[in-house]
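Here's the structure we're looking at; comments come further down.
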Amino acid sequence: MKRLEVKKPMQSGIGQEVEGKFYTLVIDGKEYHVEKSELTGAEIMDLGGIPHELGLLLILEDGTQVQVRADEVIELKPGRRFKKAPRFTRG
């Protein structure tokens with residue numbers, strides 16, 4: 001399983017303040033703080049209120065977007081940003 005990385009600054013996950021050491025990530029433009037250094041794609045989607053059926057994208061430093069599976073473990077590091085995967089409709 002390929003491991004990816006994450007981070008950025010302050011709304012604590014699940015509506016609680018995080019004290020002590022924490023990791024920051026950005027999901028759809030909102031900053032979240034968590035105490036764990038690794039999260040699964042499913043945990044990140046839950047934190048950001050993203051329905052699992054939509055999916056999650058990791059935005060790399062160069063702007064490349066990488067699909068994140070629900071069961072994939074992401075290591076949180078500085079500069080990691082996520083967003084919900086776009087929904088395509090035919091029309």
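How things are named: the first chain in the structure tokens is A, the next is B, and so on; residues count from 1 in each chain; ligands count from 1 in the order shown.
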Exercise. Write out as a list of chain:residue names which residues come within 9 Å of Met45 of chain A when counting only C-alpha atoms, dropping same-chain ones fewer than 4 positions away.
Key: A:Ile27, A:Thr40, A:Gly41, A:Gly49, A:Ile50, A:Pro51, A:His52, A:Gly55, A:Leu56, A:Ala70, A:Lys83, A:Lys84
Quiz item: In Å to one decimal, how far is atom CA of Arg80 of chain A from atom CA of Tyr23 of chain A?
Solution: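 Spanning atom CA of Tyr23 of chain A to atom CA of Arg80 of chain A is a straight-line distance of 10.5 Å.
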Quiz prompt | A:Lys21, A:Arg81, A:Arg87, A:Lys36 ranked by distance to Gln65 of chain A, top pick (using only C-alpha atoms) | solution = A:Arg81
Practice problem: Tell me which of A:Glu35, A:Leu54, A:Phe22, A:Glu43 sits closest to Phe88 of chain A, counting only C-alpha atoms. | Solution: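 The closest residue to Phe88 of chain A is A:Leu54.
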Practice problem: Run DSSP on the backbone of this structure and report the residues of segment 13-51 of chain A it assigns to alpha helix (DSSP H), as a PyMOL selection string. | Solution: chain A and resi 41-48
Quiz item: Neighbours of Leu58 of chain A within 12 Å (only C-alpha atoms; same-chain residues fewer than 3 positions away dropped), as number ranges by chain?
Solution: A: 3-7, 25-28, 41, 44-45, 55, 61-69, 72, 74-76, 79-85
Quiz item: Residues of segment 15-54 of chain A in strand (DSSP E or B) according to DSSP, as a ChimeraX atom specification?
Solution: /A:23-27,30-34,38-40
